[in-house]
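Novice: protein_33.tsv is reproduced in full below (TSV, C-alpha atoms).
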```
chain	number	residue	atom	x	y	z
A	190	SER	CA	-5.95	-11.78	10.91
A	191	ARG	CA	-2.17	-11.47	10.86
A	192	GLU	CA	-1.73	-14.91	12.43
A	193	ALA	CA	-4.21	-16.43	9.98
A	194	LEU	CA	-2.38	-14.88	7.02
A	195	GLU	CA	1.01	-16.04	8.30
A	196	ALA	CA	-0.33	-19.57	8.76
A	197	ALA	CA	-1.87	-19.63	5.30
A	198	LEU	CA	1.15	-18.07	3.57
A	199	GLU	CA	3.73	-19.86	5.71
A	200	GLN	CA	5.78	-16.69	5.98
A	201	PRO	CA	5.83	-13.55	8.12
A	202	VAL	CA	3.40	-10.72	7.37
A	203	THR	CA	5.39	-7.52	7.86
A	204	THR	CA	3.21	-4.87	6.25
A	205	LEU	CA	-0.28	-3.61	6.93
A	206	ALA	CA	-2.96	-1.97	4.80
A	207	TYR	CA	-5.03	0.26	7.06
A	208	PRO	CA	-8.70	-0.75	6.87
A	209	GLY	CA	-10.29	1.68	4.46
A	210	GLY	CA	-6.95	3.46	4.29
A	211	ALA	CA	-7.84	5.48	7.39
A	212	TYR	CA	-5.15	6.11	9.99
A	213	ASP	CA	-3.72	8.75	12.27
A	214	ALA	CA	-0.52	9.01	14.31
A	215	ARG	CA	-1.96	6.85	17.10
A	216	VAL	CA	-2.89	4.05	14.67
A	217	ALA	CA	0.51	4.27	12.96
A	218	ARG	CA	2.27	3.94	16.33
A	219	ALA	CA	0.09	0.93	17.20
A	220	ALA	CA	0.99	-0.73	13.88
A	221	GLN	CA	4.68	-0.18	14.55
A	222	ALA	CA	4.34	-1.45	18.13
A	223	ALA	CA	2.62	-4.58	16.79
A	224	GLY	CA	5.79	-5.36	14.84
A	225	TYR	CA	4.83	-4.26	11.34
A	226	LEU	CA	7.67	-2.75	9.31
A	227	ALA	CA	5.46	-0.50	7.17
A	228	ALA	CA	1.85	0.28	6.35
A	229	VAL	CA	-0.01	1.67	3.35
A	230	ALA	CA	-2.58	4.42	3.50
A	231	ILE	CA	-5.25	5.43	1.03
A	232	ARG	CA	-3.28	8.43	-0.23
A	233	GLY	CA	-2.53	7.98	-3.90
A	234	GLY	CA	0.81	8.57	-5.51
A	235	HIS	CA	4.23	7.16	-6.06
A	236	GLU	CA	6.39	9.28	-3.78
A	237	GLN	CA	7.71	7.20	-0.91
A	238	ARG	CA	9.85	8.50	1.92
A	239	SER	CA	11.84	6.40	4.35
A	240	ASP	CA	10.63	8.58	7.24
A	241	GLN	CA	7.00	7.77	6.38
A	242	LEU	CA	7.02	3.95	6.34
A	243	PHE	CA	3.68	3.90	8.17
A	244	ALA	CA	2.02	6.23	5.66
A	245	LEU	CA	3.12	4.77	2.34
A	246	ARG	CA	1.21	5.92	-0.72
A	247	ARG	CA	-0.44	3.54	-3.14
A	248	ASN	CA	-2.32	3.71	-6.38
A	249	GLU	CA	-5.74	2.21	-6.63
A	250	VAL	CA	-6.20	-0.21	-9.49
A	251	SER	CA	-9.73	0.03	-10.78
A	252	GLY	CA	-11.68	-3.06	-11.72
A	253	THR	CA	-12.64	-1.21	-14.90
A	254	TRP	CA	-9.08	-0.89	-16.15
A	255	SER	CA	-8.13	-2.83	-19.22
A	256	ARG	CA	-5.27	-5.28	-19.12
A	257	GLN	CA	-3.18	-2.77	-21.10
A	258	GLN	CA	-3.85	0.02	-18.58
A	259	PHE	CA	-2.73	-2.23	-15.73
A	260	ILE	CA	0.40	-3.33	-17.62
A	261	ALA	CA	1.26	0.32	-18.33
A	262	LEU	CA	1.09	1.13	-14.61
A	263	VAL	CA	3.21	-1.87	-13.63
A	264	GLU	CA	5.81	-1.26	-16.32
A	265	SER	CA	6.11	2.43	-15.49
A	266	PRO	CA	5.52	2.71	-11.74
A	267	PHE	CA	6.41	6.39	-11.57
A	268	ALA	CA	4.01	7.44	-14.30
A	269	ALA	CA	0.59	8.84	-13.58
A	270	ALA	CA	-2.43	6.56	-13.49
A	271	PRO	CA	-3.84	5.74	-16.94
A	272	ALA	CA	-5.81	8.57	-18.51
A	273	GLY	CA	-9.26	8.99	-17.06
A	274	GLN	CA	-8.54	6.57	-14.20
A	275	ASN	CA	-7.29	8.92	-11.44
```
Just dump the structure as structure tokens.

Specialist:
Amino acid sequence: SREALEAALEQPVTTLAYPGGAYDARVARAAQAAGYLAAVAIRGGHEQRSDQLFALRRNEVSGTWSRQQFIALVESPFAAAPAGQN
């Protein structure tokens, strides 16, 4: 899949999203050994630490969010998810 993405995008793919967000130390080591620079997990939140590049947090964007809710998240990345959308 990485090769297909790189061919389609015509640029290197350096990050990985763990399938389903599931990972453990073994999977994180395998991602690093495969040459990825970082990977995102399913854990929500904004806190990012340089010693956890293979367990980066992310916020899920719901398909039910309004355009304004999405804009609010993008414009204020360290704010909590829009009310009622955690």

Novice: In Å, with one decimal, what is the gap from atom CA of Leu245 of chain A to atom CA of Ala261 of chain A?

Specialist: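 Between these atoms lies a distance of 21.2 Å.
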
Novice: Determine, counting all atoms listed in the file, which protein, DNA and RNA residues have an atom within 10 Å of an atom of Ala230 of chain A; residues of the same chain fewer than 2 positions away are not included. Present the result as a ChimeraX atom specification.

Specialist: /A:205-213,217,228,232-233,243-248

Novice: Can you work out the spacing between atom CA of Gln257 of chain A and atom CA of Ala227 of chain A in Å, to one decimal?

Specialist: 29.6 Å
